[in-house]
Amino acid sequence: MQEQYSPSEIEAAAQADWDNAEAFKVSETPGQDTYYCLSMFPYPSGKLHMGHVRNYTIGDVIARYQRMQGKNVLQPMGWDAFGMPAENAAMNNKVAPAAWTYSNIDYMRTQLKSLGLAIDWTREIATCKPDYYRWEQWLFTRLFEKGIIYRKNGTVNWDPVDQTVLANEQVIDGKGWRSGAVIEKREIPMYYFAITNYAEELLSSLDELTGWPEQVKTMQRNWIGKSVGMEVQFPYDTASIGHDGTLKVFTTRPDTLMGATYVAVAAEHPLATQAAEGNAELQAFIDECKRGGVAEADIATQEKKGLPTPLYVLHPLTGEKLPVWVANYVLMGYGEGAVMAVPAHDERDFAFASKYRLPIKPVIRTSAGDATPEPWQDAYGEKGELINSEEFDGLDYDSAFTAIGEVLKQKGLGEPRTQFRLRDWGISRQRYWGCPIPIIHCDSCGDVPVPDDQLPVVLPEDVIPDGAGSPLAKMPEFYECTCPKCGAAAKRETDTMDTFVESSWYYARYASPQYDQGMVDPAAANHWLPVDQYIGGIEHAILHLLYARFFHKLMRDEGLVNSNEPFKNLLTQGMVLADTYYRLEANGSKTWFNPADVDIERDGKGKIVAATLRSDGQPVEIGGTEKMSKSKNNGVDPQAMIDQYGADTCRLFMMFASPPDMSLEWSDSGVEGAQRFLRRVWRLSQQHHAKGPAGKADLGSLSDEQKAVRRAIHLAIKQASQDIGQHHKFNTAIAAVMTLMNVLEKAPQDAEQDRALLQEGLETVALVLAPIAPHISHSLWQSLGHSDAIIDARWPQVDESALVQDSLQLVIQVNGKLRGHIEVAADASRELIEATARDNENVLRFTEGLTIRKVIVVPGKLVNIVAN
RNA sequence: GCCCCGAUGGCGGAAUUGGUAGACGCGACGGAUUCAAAAUCCGUUUCUGGUAACAGAGUGGGAGUUCGAUUCUCCCUCGGGGCACCA
């Protein structure tokens, strides 16, 4: 064993041992419990960032811990390889997206390997390879034939200068990021997954996901947004509209129907189009509504605006004429593209009605009274007894819902309906670097799915996009084809799929990554699935996780998997943050400096008071702690850290700095602290090793001091087992090992019994650290005299007899305030404890002149004396 | 705007069914070792008052429940994530 801790040598040696033994290659072993541990695969953006390192370390700790529990652990890795950044890089560097992506993958794979992850690399996949996306296309054609995929128009961001569709991210303040042109909403035909067909199941099966954070399930429930309400039809006023018909709306508050004073329609609604004919002002407003992007956050925060039309509809109950308004907050793609407005009981309608002086009619008695005076109060939105509603007066919400529903039904003007907020998933992208949609457009046969024997539709890999429109649409050699049905000349679809499609099923492909007879080998898929533990960023709480759940159900209904949900347990990791530093430039902009280039000044208490740029010694502003990003220039390069300190130190620091589901603040001195700890472990082991092999302790003859050492060992095992195995709180597990090390370093080391205890203690340290810092543990295990590898060792067991104590310290409180401690025998009676507490000097002092009313004894914890 | 989450010493964090607030680490301060430095080791470290013993205050702010609240309830402030074409 070397004297000095040398991470680079130790890590290279451990990784070589694992490679030679193919230690992490797994197959379907009958009779052994499986454990499928999956971290969200990375987008190959160029190089690893700290978020990746954190994600994959968390996954690796769990995978290695489960292996030590005797499980057959699958931990795979792959690449979410399609996406927009490759196209942007291509435009900037004139390199084809494929070449850029593959070279990034090669570099990042090397980086991942240097972290020492227990990954089965033989299962690696990349979603941009035809043998992967071929099966996505295959499933697409099945679903198209089943009607689960269909075509309809959808609204996109249109850049009129670049003549291209933009992602929401590429629309900044309503303008195109490259052209600067004002963006318009445009309707184009797209393919959709009918995810709403599965809305009810996606909602109800959340209850089965007991291993998911409540927070994520709540977000998904709200996103799916089931609401029970009423579809209500307002008959057209033929005098103003000119023909018969009804305006359909959906409301969750049919009890307030008598309070409806106007209706509002979206700019794209047929009634709006009709009203705009010959009305320049209205047409201008409709055009204005079409400007700007489609992102909901922008639409929801814009000023609510509207314009009246000369059109009227009739109230379905009273026949009263209600004006039709065009409003920018009503969206065509949501519900019916029209809403009934009840200003007295809806905050948005109230604001709109106040602005445009529309009537406000209270119809519910709320806790704020019978009227709706300004300003709006939440109480006006309450449910309550109906007023001003003629025959419905006095009814509560439920009976009003039923009564009004019956009247509407008799008139043929409405019925109860359940509506979801969730919308069908539009997957068409007018981009190049994605999976081609396997459809052929034939003039006589319509949309024809590509037959199985013509799959995959291969994406040409040598294309460099120019940012104007879809490259595939400019390549006749790609789109010219013949109809598979009738043989006539036809045109291949040139849109590609949303990259969320690839990431919705990759977890299943890892079970049989090279299988060429189908999307998955059902036997292998059912052997490994569902994933036991899924780990990834909280930012995926809704979209990715919902789409993957949806896909799992689609695959189940195709007979490919036999489970209902893909991920049994979910761990959502927090972000990685770092300090920011900047200087304000003359033009008001900020120049950001990397923390690695900045020196810190502290005051007498160690508080950071100033910072200077190392290169010029001049001060910089302290900008606070933020998510590591290019824009704030506060990223810390994982590679530099691994090169300087080694993978074990980086892994240890990241796991120690905060629990996995919280954000993590990068700290250089924290990294040094982690390194210092590993050096201490190394040094103590080295000293122990130098004295030759140790024997086994004779547990019957331990001194009190030795018992205390052994108790510390087993307390650490107990703590770490709970923290890692049950709570995924690696920070406190590491704290437990540190506490144990503090004890072991101070314990005597020369007597035979002491040496035996130190051996047990160091083995415990190595075993508990094995999932977290696997390389040093690998080496320590060898030096402790073991011939098998620590990755195949079993997790240590707590010896409960080592934890037993003869006496306990109890806390004494007077009126809930800490006033002292007493030492009592572990088996002392309640009476004895109470009497000892009453005799306590401090208790006598603080209860002097008071009457003791009550004594509360919490066994093993405290005594509280209540006096006044 | 809507949905979800968070806030504890100088800093990261701990407190596992409501029961000792500050485990563990970082930083800072003092000391040892050293020609000196690095490294290492020992000690102190929530705040206020006090030489000290000790006392009081204290978990973003305000109220409440309780013998007892970081933990439960209500209201508020600030920060973060998501909002369907970033991944």
# chains A, B, ... in the order shown; residues from 1 in each chain; ligands from 1
$ select_by_dssp --residues "region 546-701 of chain A" --states "strand (DSSP E)" --output "PyMOL selection string"
chain A and resi 567-573+576-584+590-593+598-602+608-613+619-627+664-665
$ interface_residues --of "chain B" --to "chain A" --cutoff "12 Å" --atoms "only C-alpha atoms (C1' of nucleotides)" --output "number ranges by chain"
B: 1-6, 9-16, 18-21, 23-29, 39-41, 45, 54-55, 66-69, 79-87
$ select_by_dssp --residues "region 254-422 of chain A" --states "alpha helix (DSSP H)" --output "PyMOL selection string"
chain A and resi 270-276+280-290+296-301+347-355+397-411
$ closest_residue --among "A:Arg431, A:Lys321, A:Lys226, A:His345" --to "Thr418 (chain A)" --atoms "only C-alpha atoms"
A:Lys226
$ residues_around --residues "G61 (chain B)" --least-positions-apart "2" --cutoff "12 Å" --atoms "only C-alpha atoms (C1' of nucleotides)" --output "list in words"
A7, A63, C75, C76, U77 and C78 of chain B
$ write_last_selection --atoms "N, CA and C atoms (P, O5', C5', C4', C3', O3' and C1' of nucleotides)" --output "mmCIF file, in the first residue's frame"
data_model
loop_
_atom_site.group_PDB
_atom_site.id
_atom_site.type_symbol
_atom_site.label_atom_id
_atom_site.label_comp_id
_atom_site.auth_asym_id
_atom_site.auth_seq_id
_atom_site.Cartn_x
_atom_site.Cartn_y
_atom_site.Cartn_z
ATOM 1 P P A B 7 -36.626 24.955 3.429
ATOM 2 O "O5'" A B 7 -36.037 26.434 3.415
ATOM 3 C "C5'" A B 7 -34.700 26.679 2.969
ATOM 4 C "C4'" A B 7 -34.443 28.170 2.970
ATOM 5 C "C3'" A B 7 -34.400 28.806 4.355
ATOM 6 O "O3'" A B 7 -33.419 29.853 4.372
ATOM 7 C "C1'" A B 7 -36.113 29.811 3.080
ATOM 8 P P A B 63 -47.098 38.364 15.825
ATOM 9 O "O5'" A B 63 -48.299 37.401 15.396
ATOM 10 C "C5'" A B 63 -49.510 37.458 16.129
ATOM 11 C "C4'" A B 63 -50.611 36.788 15.362
ATOM 12 C "C3'" A B 63 -51.097 35.483 15.987
ATOM 13 O "O3'" A B 63 -51.940 35.706 17.102
ATOM 14 C "C1'" A B 63 -50.809 35.178 13.681
ATOM 15 P P C B 75 -54.124 30.762 3.427
ATOM 16 O "O5'" C B 75 -53.559 32.203 3.801
ATOM 17 C "C5'" C B 75 -54.454 33.301 3.993
ATOM 18 C "C4'" C B 75 -53.691 34.484 4.520
ATOM 19 C "C3'" C B 75 -52.521 34.954 3.670
ATOM 20 O "O3'" C B 75 -52.916 35.729 2.557
ATOM 21 C "C1'" C B 75 -51.863 34.875 5.936
ATOM 22 P P C B 76 -51.999 35.670 1.229
ATOM 23 O "O5'" C B 76 -50.675 36.437 1.658
ATOM 24 C "C5'" C B 76 -50.698 37.842 1.878
ATOM 25 C "C4'" C B 76 -49.394 38.308 2.469
ATOM 26 C "C3'" C B 76 -48.169 38.203 1.572
ATOM 27 O "O3'" C B 76 -48.110 39.256 0.630
ATOM 28 C "C1'" C B 76 -47.620 37.460 3.752
ATOM 29 P P U B 77 -47.232 39.072 -0.711
ATOM 30 O "O5'" U B 77 -45.731 39.130 -0.185
ATOM 31 C "C5'" U B 77 -45.182 40.363 0.278
ATOM 32 C "C4'" U B 77 -43.746 40.134 0.683
ATOM 33 C "C3'" U B 77 -42.848 39.564 -0.407
ATOM 34 O "O3'" U B 77 -42.376 40.560 -1.284
ATOM 35 C "C1'" U B 77 -42.503 38.366 1.600
ATOM 36 P P C B 78 -42.077 40.194 -2.815
ATOM 37 O "O5'" C B 78 -40.725 39.354 -2.729
ATOM 38 C "C5'" C B 78 -39.499 39.975 -2.365
ATOM 39 C "C4'" C B 78 -38.483 38.920 -2.009
ATOM 40 C "C3'" C B 78 -38.119 37.953 -3.120
ATOM 41 O "O3'" C B 78 -37.184 38.492 -4.029
ATOM 42 C "C1'" C B 78 -38.506 36.734 -1.145
#
$ residues_around --residues "region 707-718 of chain A" --least-positions-apart "2" --cutoff "10 Å" --atoms "only C-alpha atoms (C1' of nucleotides)" --output "PyMOL selection string"
chain A and resi 699+701-705+720-723+733-744+746-748+754+757-758+760-765+767-768+795-805
$ atom_distance --atom1 "CA of Ile62 (chain A)" --atom2 "CA of Thr572 (chain A)"
13.6 Å
$ atom_distance --atom1 "CA of Cys37 (chain A)" --atom2 "CA of Ala23 (chain A)"
15.8 Å
$ atom_distance --atom1 "CA of Gln809 (chain A)" --atom2 "CA of Gln706 (chain A)"
20.1 Å
$ residues_around --residues "region 25-27 of chain A" --least-positions-apart "5" --cutoff "12 Å" --atoms "only C-alpha atoms (C1' of nucleotides)" --output "MDAnalysis selection string"
chainID A and resid 18:20 32 34:36 67 71:76 118:124 510:512 524:525 527:528
$ residues_around --residues "region 361-371 of chain A" --least-positions-apart "5" --cutoff "7 Å" --atoms "only C-alpha atoms (C1' of nucleotides)" --output "compact mmCIF listing (two decimals) with N, CA and C atoms, in the first residue's frame"
# COMPACT_ATOMS: atom_id res chain seq x y z
N THR A 256 -73.25 29.60 -12.09
CA THR A 256 -73.22 31.07 -12.25
C THR A 256 -73.77 31.50 -13.60
N MET A 258 -76.61 32.28 -14.70
CA MET A 258 -77.51 33.43 -14.71
C MET A 258 -76.75 34.74 -14.58
N GLY A 259 -75.47 34.66 -14.23
CA GLY A 259 -74.66 35.87 -14.10
C GLY A 259 -73.84 36.17 -15.34
N ALA A 344 -69.00 38.76 -12.13
CA ALA A 344 -69.17 38.84 -10.68
C ALA A 344 -68.40 37.73 -9.96
N ALA A 379 -63.05 36.00 -2.36
CA ALA A 379 -64.33 35.49 -1.88
C ALA A 379 -65.38 35.46 -2.99
N TYR A 380 -65.27 36.38 -3.94
CA TYR A 380 -66.28 36.44 -5.00
C TYR A 380 -66.25 35.18 -5.87
N GLU A 382 -66.04 32.19 -4.62
CA GLU A 382 -66.52 31.06 -3.82
C GLU A 382 -67.79 30.44 -4.41
N GLY A 384 -71.52 29.01 -3.44
CA GLY A 384 -72.47 29.32 -2.37
C GLY A 384 -73.90 29.28 -2.89
N GLU A 385 -74.78 29.85 -2.08
CA GLU A 385 -76.20 29.83 -2.41
C GLU A 385 -76.50 30.80 -3.55
N LEU A 386 -77.36 30.36 -4.50
CA LEU A 386 -77.67 31.20 -5.66
C LEU A 386 -78.63 32.33 -5.29
N ILE A 387 -78.39 33.50 -5.86
CA ILE A 387 -79.30 34.65 -5.72
C ILE A 387 -79.47 35.24 -7.12
N ASN A 388 -80.48 36.11 -7.29
CA ASN A 388 -80.73 36.77 -8.57
C ASN A 388 -80.80 35.77 -9.72
N SER A 389 -81.24 34.54 -9.44
CA SER A 389 -81.23 33.51 -10.47
C SER A 389 -82.61 32.88 -10.66
$ closest_residue --among "A:Pro359, A:Pro308, A:Ile149, A:Pro254" --to "Lys383 (chain A)" --atoms "only C-alpha atoms"
A:Pro254
